[in-house]
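Here is the structure we will look at.
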Protein chains: 2
Amino acid sequence: MAGTDTSQPLIPADMPLAPVVILVRPQLGENIGMCARAMLNCGVTELRIVKPRDGWPNDDAIAAASGAIDVLNNAKLYETTAEAVADLEYVLATTARMRDMVKPVMTADAAARDVHHRHHGRSTANCGIMFGPERSGLENDDVAFADAILNIPLNPGFSSLNLAQAVLLACYSWLCCDNPFPPAAAPAPQDGDNSAPATRGEIDNMLKYLEADLDERGFFRSAPQRPTLLRNIRNFFFRAAPTSQEVRTLHGIFVALRGRRRGNAPENDA
Amino acid sequence: MAGTDTSQPLIPADMPLAPVVILVRPQLGENIGMCARAMLNCGVTELRIVKPRDGWPNDDAIAAASGAIDVLNNAKLYETTAEAVADLEYVLATTARMRDMVKPVMTADAAARDVHHRHHGRSTANCGIMFGPERSGLENDDVAFADAILNIPLNPGFSSLNLAQAVLLACYSWLCCDNPFPPAAAPAPQDGDNSAPATRGEIDNMLKYLEADLDERGFFRSAPQRPTLLRNIRNFFFRAAPTSQEVRTLHGIFVALRGRRRGNAPENDA
C-alpha cells in the first residue's frame, strides 16, 4: 500500500510512548530491516538487538527497511538479554510455544492495553517486547526475563509467523489500543463540489422528469401498480445516495434514452 | 514465532466464513507466497489473483508460502478485476491514498465487523478484499468495483506497508473480530504439580520459619518496626504468587543462608 504522506514528520510529535522492541539473536539482516519498517508503520521507534547472528550494522537490514533507517541507526546493540532489558520495568516475551514456566499469558490486545496503562504519565519507555530468533524462538533463559507471555492467537493449524509479521501484529495491536491517527478520509465535499451528495430535492426533481417520461412511454402498464413501482424506484435512488454530478449524469442518460428511443422507435418499447 | 500445532488440521472445521482475498496484478511471486502464508495464519484460505506479472504458477510464491501451499494451489486466476469480483456481493478496496471517488472509508476493524455481519448465515463467501500491485496500489478503475475503501490507520509519516503485511493486518483484523482460537495457555497445573500455585498456607508456613530465623539473627532492630516489616515481607511474597515448588526453593535458600551464616559467622550480620 503506497500512501506515505511525505509532508508528515517521520515520527509524529504526539505519539503515545511506545514499547521497546527487543530482537534476541535475530538471524537475517533482511528480517531486522523488515521489523524496523513494521515498527515505524505503527509509530514504534526504539529497537534493541541482542547478538545479531550476521553482525551489525547490516546492509541487508538497511535494504529491507524501506526507509525506516532512523529506527536502524538508533538501534542499540547488546551482548545479552539481561543487558537489553536491564532498565525496563515490564517485559513481555512473544512465543507461540507455551513453556513449563509460570507466567501470565496475554493476547496481543491485552498486552497492548497493559503497556499503555504502564506508560501512562511516563516520559521514557519502561515496557519492552522480546522476539526470539527466526528458527527457534526465544529460549527459556530469555523468557525467564519476562513478566508475561504475549501470545498472538492465530490459526492453530498454521500459526508460524515471520519475525517481522510478529513484530507488526504486536506493534499494530499497541497502536490500535489508542490510535492517534484518524483513518484517512476523502476530503469533505464543498458546496458546489462534484462529489457533494445530491440533496433529496435534486434526486426528486430528476425522478419527476423520469416519471413523466415513463408515463409518456407507457411504462406503467397498470394504474394500481404505478404507486408501488414509483416508490421502489425512489427508494433505490435515495439509497444509492448519488452526488449532484451523478444526478445530472443520470438525468442526461434518461433524456438520451428517451431521445434515442423516440428517434429509433425501438421494438421493445416499455 | 515457531509453534504450529501439527496435530491440528490446516484449516479448522469451525472457522467462520472468511472474506476472499483478491490480489490485483501482483508483481513478485515471493509476495504472493507471503500473502498466502499471512492469510492461512489467520484462517483465510480463498485467494484470487488478477494477472500476476510473472505468470502462474510461480516457484517464488511456493518458496515464500512456508507451507501455505493449499492456499496457492486453490488460488483462482483472472484476466480482469471485473471477473475476479463478479460473484461477490460486497467488495472492499485497500488503499492508503484517498481518491476523488465517493465511497465510504472504513478502518480494518470496522470493515472486519461488516464482513462478519454480511457473512452471517451464508455458506459461501460473498465479501472480498482487493489489494493492488506492490508499487502503485489499486488503480481508480479497480477501486470503481469496490463498495468501500478499507483503510489501515498507521503512522502517517511512514504508512507504506509491504503487500503481505497489508494482507496480514486486514486478515488479522477479520480474525480478531470473532476469533475462534483461544489464546494459547500453559497447561493448567494439576494437584501436586510443580507449577501449581502455592496455597496461602504454604507461603505462610515458609514465612513463619523465616520470621523465627530473622528474630534469632536480630534482623528486627526495633520492636515497633517489627509488625510493619513483617507485613511488608508477607505482602511481597503473597503478591509474587510463587508456586509450591518455588516456596520449597525459597525455604531452602533461607535455610542455607542461615546455615552458612552460622558456620561463617559473617561480619555484616543482620
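Labeling convention for the C-alpha cells: chains A, B, ... as they appear, residues from 1 per chain, ligands from 1 in order of appearance.
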
Practice prompt. Write down as a PyMOL selection string the residues belonging to segment 22-258 of chain B that are assigned strand (DSSP E or B) by DSSP computed on the backbone.
Written response: chain B and resi 22-24+47-50+76-78+90-94+105-107+127-131+148-151+197+243

Worksheet entry | Per-residue DSSP, segment 85-259 of chain A, filtered to helix (DSSP H, G or I), as JSON, numbers by chain | {"A": [108, 109, 110, 111, 112, 113, 114, 115, 116, 117, 118, 119, 140, 141, 142, 143, 163, 164, 165, 166, 167, 168, 169, 170, 171, 172, 173, 174, 175, 176, 177, 200, 201, 202, 203, 204, 205, 206, 207, 208, 209, 210, 211, 212, 213, 214, 215, 216, 225, 226, 227, 228, 229, 230, 231, 232, 233, 234, 235, 236, 237, 238, 239, 240, 244, 245, 246, 247, 248, 249, 250, 251, 252, 253, 254, 255, 256, 257, 258, 259]}

Discussion item. Taking 3 positions as the minimum chain separation for residues in the same chain, which residues sit within 7 Å of Phe131 of chain A when counting only C-alpha atoms? Answer as a ChimeraX atom specification.
Written reply: /A:22-24,93-94,138

Please save C-alpha atoms of the selected residues as a CSV table (one decimal), in the first residue's frame.
```csv
chain,number,residue,atom,x,y,z
A,22,ILE,CA,13.9,-6.3,21.6
A,23,LEU,CA,15.1,-8.8,18.9
A,24,VAL,CA,17.0,-11.6,20.6
A,93,ALA,CA,8.1,-12.4,25.7
A,94,THR,CA,6.4,-13.3,22.4
A,138,LEU,CA,13.1,-17.4,22.5
```

Worksheet, complete the sentence: note - atom CA of Leu77 of chain B and atom CA of Val50 of chain B are separated by 5.9 Å

Discussion item. As a list in words, please: the residues near Asn73 of chain B (cut-off 10 Å, only C-alpha atoms, same-chain neighbours under 6 positions excluded).
Written reply: Leu47, Pro57 and Ile62 of chain B

Keeping N, CA and C atoms for every residue in the selection just given, could you write it to a file as a PDB file, in the first residue's frame?
```pdb
ATOM      1  N   LEU B  47      -8.020 -17.385  -2.198  1.00  0.00           N
ATOM      2  CA  LEU B  47      -7.168 -16.397  -2.857  1.00  0.00           C
ATOM      3  C   LEU B  47      -7.530 -16.304  -4.339  1.00  0.00           C
ATOM      4  N   PRO B  57       1.579 -21.029 -12.436  1.00  0.00           N
ATOM      5  CA  PRO B  57       2.115 -21.000 -11.063  1.00  0.00           C
ATOM      6  C   PRO B  57       3.502 -20.391 -11.009  1.00  0.00           C
ATOM      7  N   ILE B  62       5.661 -20.315  -4.147  1.00  0.00           N
ATOM      8  CA  ILE B  62       5.638 -21.560  -3.364  1.00  0.00           C
ATOM      9  C   ILE B  62       6.715 -21.523  -2.287  1.00  0.00           C
TER      10      ILE B  62
END
```

Practice prompt. Would you kindly return, as a count of residues only, each protein, DNA or RNA residue with an atom no farther than 10 Å from any atom of Gly33 of chain B, considering only C-alpha atoms and excluding same-chain residues fewer than 6 positions away?
Written response: 16

Determine, counting only C-alpha atoms, which protein, DNA and RNA residues have an atom within 12 Å of an atom of segment 135-137 of chain B; residues of the same chain fewer than 4 positions away are not included. Present the result as a short mmCIF file (atom, residue, chain, number, x, y, z; two decimals) with all heavy atoms, in the first residue's frame.
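What follows is the written file selection.cif:
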```
data_model
loop_
_atom_site.label_atom_id
_atom_site.label_comp_id
_atom_site.auth_asym_id
_atom_site.auth_seq_id
_atom_site.Cartn_x
_atom_site.Cartn_y
_atom_site.Cartn_z
N MET A 1 0.83 -1.21 0.00
CA MET A 1 0.00 0.00 0.00
C MET A 1 0.86 1.25 0.00
O MET A 1 1.51 1.58 0.99
CB MET A 1 -0.87 0.00 1.26
CG MET A 1 -2.04 -0.96 1.15
SD MET A 1 -2.83 -1.15 2.74
CE MET A 1 -3.70 0.38 2.86
N ALA A 2 0.89 1.92 -1.12
CA ALA A 2 1.57 3.20 -1.16
C ALA A 2 0.76 4.20 -0.35
O ALA A 2 -0.33 3.90 0.10
CB ALA A 2 1.68 3.66 -2.62
N GLY A 3 1.29 5.37 -0.11
CA GLY A 3 0.45 6.37 0.52
C GLY A 3 1.08 7.13 1.67
O GLY A 3 0.39 7.87 2.36
N LEU B 23 -5.76 -10.37 -5.08
CA LEU B 23 -4.53 -9.63 -5.39
C LEU B 23 -4.62 -9.18 -6.84
O LEU B 23 -4.69 -10.00 -7.75
CB LEU B 23 -3.30 -10.50 -5.18
CG LEU B 23 -3.12 -11.12 -3.78
CD1 LEU B 23 -1.81 -11.92 -3.73
CD2 LEU B 23 -3.12 -10.03 -2.71
N VAL B 24 -4.64 -7.88 -7.05
CA VAL B 24 -4.78 -7.33 -8.40
C VAL B 24 -3.40 -7.02 -8.96
O VAL B 24 -2.65 -6.21 -8.39
CB VAL B 24 -5.67 -6.07 -8.38
CG1 VAL B 24 -5.79 -5.48 -9.78
CG2 VAL B 24 -7.05 -6.41 -7.82
N ARG B 25 -3.06 -7.69 -10.05
CA ARG B 25 -1.78 -7.51 -10.75
C ARG B 25 -0.56 -7.48 -9.82
O ARG B 25 0.27 -6.56 -9.87
CB ARG B 25 -1.81 -6.23 -11.59
CG ARG B 25 -2.87 -6.24 -12.69
CD ARG B 25 -2.88 -4.97 -13.52
NE ARG B 25 -3.14 -3.77 -12.74
CZ ARG B 25 -4.34 -3.36 -12.38
NH1 ARG B 25 -5.42 -4.03 -12.73
NH2 ARG B 25 -4.48 -2.28 -11.65
N PRO B 26 -0.43 -8.49 -8.92
CA PRO B 26 0.75 -8.51 -8.05
C PRO B 26 2.01 -8.72 -8.90
O PRO B 26 1.96 -9.35 -9.95
CB PRO B 26 0.48 -9.71 -7.13
CG PRO B 26 -0.42 -10.60 -7.93
CD PRO B 26 -1.28 -9.69 -8.76
N GLN B 27 3.12 -8.16 -8.41
CA GLN B 27 4.34 -8.20 -9.21
C GLN B 27 5.23 -9.39 -8.86
O GLN B 27 5.55 -10.21 -9.71
CB GLN B 27 5.10 -6.87 -9.02
CG GLN B 27 4.26 -5.68 -9.48
CD GLN B 27 4.91 -4.34 -9.14
OE1 GLN B 27 5.11 -4.00 -7.99
NE2 GLN B 27 5.22 -3.58 -10.16
N LEU B 28 5.60 -9.52 -7.60
CA LEU B 28 6.57 -10.54 -7.21
C LEU B 28 5.89 -11.81 -6.69
O LEU B 28 5.03 -11.74 -5.79
CB LEU B 28 7.49 -10.00 -6.11
CG LEU B 28 8.46 -8.89 -6.52
CD1 LEU B 28 9.13 -8.29 -5.28
CD2 LEU B 28 9.50 -9.43 -7.48
N ASN B 31 5.95 -12.21 -2.95
CA ASN B 31 4.92 -11.51 -2.19
C ASN B 31 3.59 -12.26 -2.19
O ASN B 31 2.87 -12.27 -1.18
CB ASN B 31 4.72 -10.10 -2.74
CG ASN B 31 5.88 -9.18 -2.35
OD1 ASN B 31 6.58 -9.45 -1.38
ND2 ASN B 31 6.08 -8.12 -3.11
N ALA B 93 -11.82 -2.20 -1.11
CA ALA B 93 -10.55 -1.91 -1.78
C ALA B 93 -9.59 -1.34 -0.74
O ALA B 93 -9.93 -0.37 -0.07
CB ALA B 93 -10.77 -0.91 -2.91
N THR B 94 -8.43 -1.96 -0.58
CA THR B 94 -7.44 -1.41 0.36
C THR B 94 -6.63 -0.36 -0.37
O THR B 94 -6.06 -0.62 -1.42
CB THR B 94 -6.49 -2.48 0.89
OG1 THR B 94 -5.88 -3.13 -0.22
CG2 THR B 94 -7.22 -3.51 1.73
N THR B 95 -6.57 0.80 0.21
CA THR B 95 -5.74 1.85 -0.35
C THR B 95 -5.44 2.87 0.74
O THR B 95 -6.27 3.13 1.60
CB THR B 95 -6.39 2.54 -1.56
OG1 THR B 95 -5.63 3.70 -1.91
CG2 THR B 95 -7.81 2.97 -1.26
N ALA B 96 -4.23 3.40 0.72
CA ALA B 96 -3.88 4.44 1.67
C ALA B 96 -4.12 5.81 1.05
O ALA B 96 -4.29 6.80 1.74
CB ALA B 96 -2.42 4.31 2.08
N ARG B 97 -4.12 5.85 -0.30
CA ARG B 97 -4.37 7.13 -0.97
C ARG B 97 -5.87 7.31 -1.15
O ARG B 97 -6.54 6.44 -1.68
CB ARG B 97 -3.69 7.16 -2.34
CG ARG B 97 -2.19 7.32 -2.25
CD ARG B 97 -1.59 7.32 -3.64
NE ARG B 97 -1.75 6.02 -4.28
CZ ARG B 97 -2.18 5.84 -5.52
NH1 ARG B 97 -2.53 6.86 -6.25
NH2 ARG B 97 -2.27 4.63 -6.03
N MET B 98 -6.38 8.42 -0.69
CA MET B 98 -7.81 8.67 -0.84
C MET B 98 -8.04 9.21 -2.25
O MET B 98 -7.30 10.04 -2.75
CB MET B 98 -8.31 9.66 0.21
CG MET B 98 -8.40 9.01 1.58
SD MET B 98 -9.38 7.47 1.57
CE MET B 98 -8.11 6.23 1.84
N ARG B 99 -9.06 8.70 -2.91
CA ARG B 99 -9.31 9.04 -4.29
C ARG B 99 -10.43 10.06 -4.37
O ARG B 99 -11.19 10.24 -3.45
CB ARG B 99 -9.74 7.79 -5.06
CG ARG B 99 -9.03 6.52 -4.65
CD ARG B 99 -7.58 6.58 -5.04
NE ARG B 99 -6.90 5.34 -4.64
CZ ARG B 99 -6.29 4.54 -5.49
NH1 ARG B 99 -6.26 4.82 -6.76
NH2 ARG B 99 -5.68 3.47 -5.06
N MET B 130 -9.79 -6.38 -1.92
CA MET B 130 -8.83 -6.22 -3.02
C MET B 130 -7.56 -5.51 -2.56
O MET B 130 -7.64 -4.53 -1.81
CB MET B 130 -9.44 -5.34 -4.12
CG MET B 130 -10.50 -5.99 -4.96
SD MET B 130 -10.76 -5.01 -6.49
CE MET B 130 -11.57 -3.56 -5.84
N PHE B 131 -6.43 -5.98 -3.06
CA PHE B 131 -5.13 -5.35 -2.79
C PHE B 131 -4.47 -5.08 -4.14
O PHE B 131 -4.48 -5.95 -5.01
CB PHE B 131 -4.25 -6.28 -1.96
CG PHE B 131 -4.82 -6.61 -0.61
CD1 PHE B 131 -5.76 -7.62 -0.46
CD2 PHE B 131 -4.44 -5.89 0.52
CE1 PHE B 131 -6.31 -7.92 0.79
CE2 PHE B 131 -4.98 -6.19 1.76
CZ PHE B 131 -5.91 -7.20 1.90
N ASP B 141 -9.75 2.48 -11.73
CA ASP B 141 -10.69 1.58 -12.42
C ASP B 141 -10.91 0.29 -11.63
O ASP B 141 -11.95 -0.35 -11.79
CB ASP B 141 -10.18 1.25 -13.83
CG ASP B 141 -10.44 2.40 -14.79
OD1 ASP B 141 -11.28 3.26 -14.46
OD2 ASP B 141 -9.81 2.44 -15.85
N ASP B 142 -9.94 -0.09 -10.79
CA ASP B 142 -10.16 -1.23 -9.88
C ASP B 142 -11.06 -0.81 -8.72
O ASP B 142 -11.99 -1.52 -8.34
CB ASP B 142 -8.83 -1.74 -9.31
CG ASP B 142 -7.85 -2.16 -10.38
OD1 ASP B 142 -8.25 -2.92 -11.28
OD2 ASP B 142 -6.69 -1.70 -10.32
N VAL B 143 -10.74 0.36 -8.14
CA VAL B 143 -11.48 0.83 -6.97
C VAL B 143 -12.96 1.03 -7.32
O VAL B 143 -13.83 0.87 -6.45
CB VAL B 143 -10.84 2.13 -6.41
CG1 VAL B 143 -11.63 2.66 -5.23
CG2 VAL B 143 -9.39 1.87 -5.98
N SER B 160 3.64 3.22 4.41
CA SER B 160 3.75 2.28 3.30
C SER B 160 4.00 0.87 3.81
O SER B 160 5.03 0.58 4.42
CB SER B 160 4.88 2.71 2.38
OG SER B 160 5.16 1.68 1.46
N LEU B 161 3.02 0.00 3.56
CA LEU B 161 3.10 -1.40 4.01
C LEU B 161 3.51 -2.29 2.85
O LEU B 161 3.06 -2.11 1.73
CB LEU B 161 1.72 -1.88 4.46
CG LEU B 161 1.20 -1.54 5.84
CD1 LEU B 161 -0.21 -2.08 5.97
CD2 LEU B 161 2.09 -2.15 6.92
N ASN B 162 4.32 -3.27 3.14
CA ASN B 162 4.55 -4.40 2.27
C ASN B 162 3.19 -5.06 1.95
O ASN B 162 2.29 -5.06 2.80
CB ASN B 162 5.48 -5.33 3.08
CG ASN B 162 5.68 -6.68 2.50
OD1 ASN B 162 4.73 -7.39 2.25
ND2 ASN B 162 6.94 -7.04 2.33
N LEU B 163 3.04 -5.61 0.73
CA LEU B 163 1.76 -6.22 0.34
C LEU B 163 1.30 -7.28 1.33
O LEU B 163 0.15 -7.29 1.78
CB LEU B 163 1.90 -6.81 -1.08
CG LEU B 163 0.69 -7.54 -1.64
CD1 LEU B 163 -0.53 -6.64 -1.71
CD2 LEU B 163 0.99 -8.10 -3.04
N ALA B 166 0.02 -5.80 4.52
CA ALA B 166 -1.34 -5.24 4.39
C ALA B 166 -2.36 -6.37 4.45
O ALA B 166 -3.39 -6.28 5.14
CB ALA B 166 -1.47 -4.47 3.07
#
```

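Shell of segment 202-207 of chain A at 7 Å, with only C-alpha atoms counted and residues fewer than 3 places along the chain excluded, is Ala198, Thr199, Leu210, Glu211, Val247 and His251 of chain A.
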
Export N, CA and C atoms of the chosen residues as a PDB file, in the first residue's frame?
```pdb
ATOM      1  N   ALA A 198     -25.988  14.651  -3.496  1.00  0.00           N
ATOM      2  CA  ALA A 198     -27.153  15.364  -4.011  1.00  0.00           C
ATOM      3  C   ALA A 198     -28.151  15.593  -2.877  1.00  0.00           C
ATOM      4  N   THR A 199     -28.885  16.685  -2.958  1.00  0.00           N
ATOM      5  CA  THR A 199     -29.974  16.886  -1.993  1.00  0.00           C
ATOM      6  C   THR A 199     -31.140  15.977  -2.384  1.00  0.00           C
ATOM      7  N   LEU A 210     -38.240  11.763 -14.897  1.00  0.00           N
ATOM      8  CA  LEU A 210     -38.238  10.344 -15.283  1.00  0.00           C
ATOM      9  C   LEU A 210     -39.670   9.812 -15.282  1.00  0.00           C
ATOM     10  N   GLU A 211     -40.401  10.155 -14.234  1.00  0.00           N
ATOM     11  CA  GLU A 211     -41.776   9.679 -14.085  1.00  0.00           C
ATOM     12  C   GLU A 211     -42.631  10.130 -15.273  1.00  0.00           C
ATOM     13  N   VAL A 247     -26.380  12.783 -10.267  1.00  0.00           N
ATOM     14  CA  VAL A 247     -27.792  13.021 -10.594  1.00  0.00           C
ATOM     15  C   VAL A 247     -27.901  13.662 -11.977  1.00  0.00           C
ATOM     16  N   HIS A 251     -29.716  11.982 -15.159  1.00  0.00           N
ATOM     17  CA  HIS A 251     -30.749  12.723 -15.880  1.00  0.00           C
ATOM     18  C   HIS A 251     -30.410  12.759 -17.361  1.00  0.00           C
TER      19      HIS A 251
END
```

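Atom CA of Lys103 of chain B to atom CA of Ile149 of chain B spans 6.5 Å [interatomic distance, one decimal].
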
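Across the structure, atom CA of Ala38 of chain A and atom CA of Ala170 of chain A are spaced 9.8 Å apart.
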
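Residue nearest chain A, chosen from B:Ala240, B:Leu250, B:Leu17, B:Leu40 and counting only C-alpha atoms: B:Leu40.
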
Worksheet item: From the set B:Val167, B:Ala223, B:Val102, B:Val20, which residue has the shortest atom-to-atom contact distance to Cys35 of chain B, counting only C-alpha atoms?
Response: B:Val167

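Of the residues under consideration (A:Ile49, A:Ile233, A:Thr243, A:Arg113), A:Ile49 shows the shortest atom-to-atom contact distance to Glu83 of chain A when counting only C-alpha atoms.
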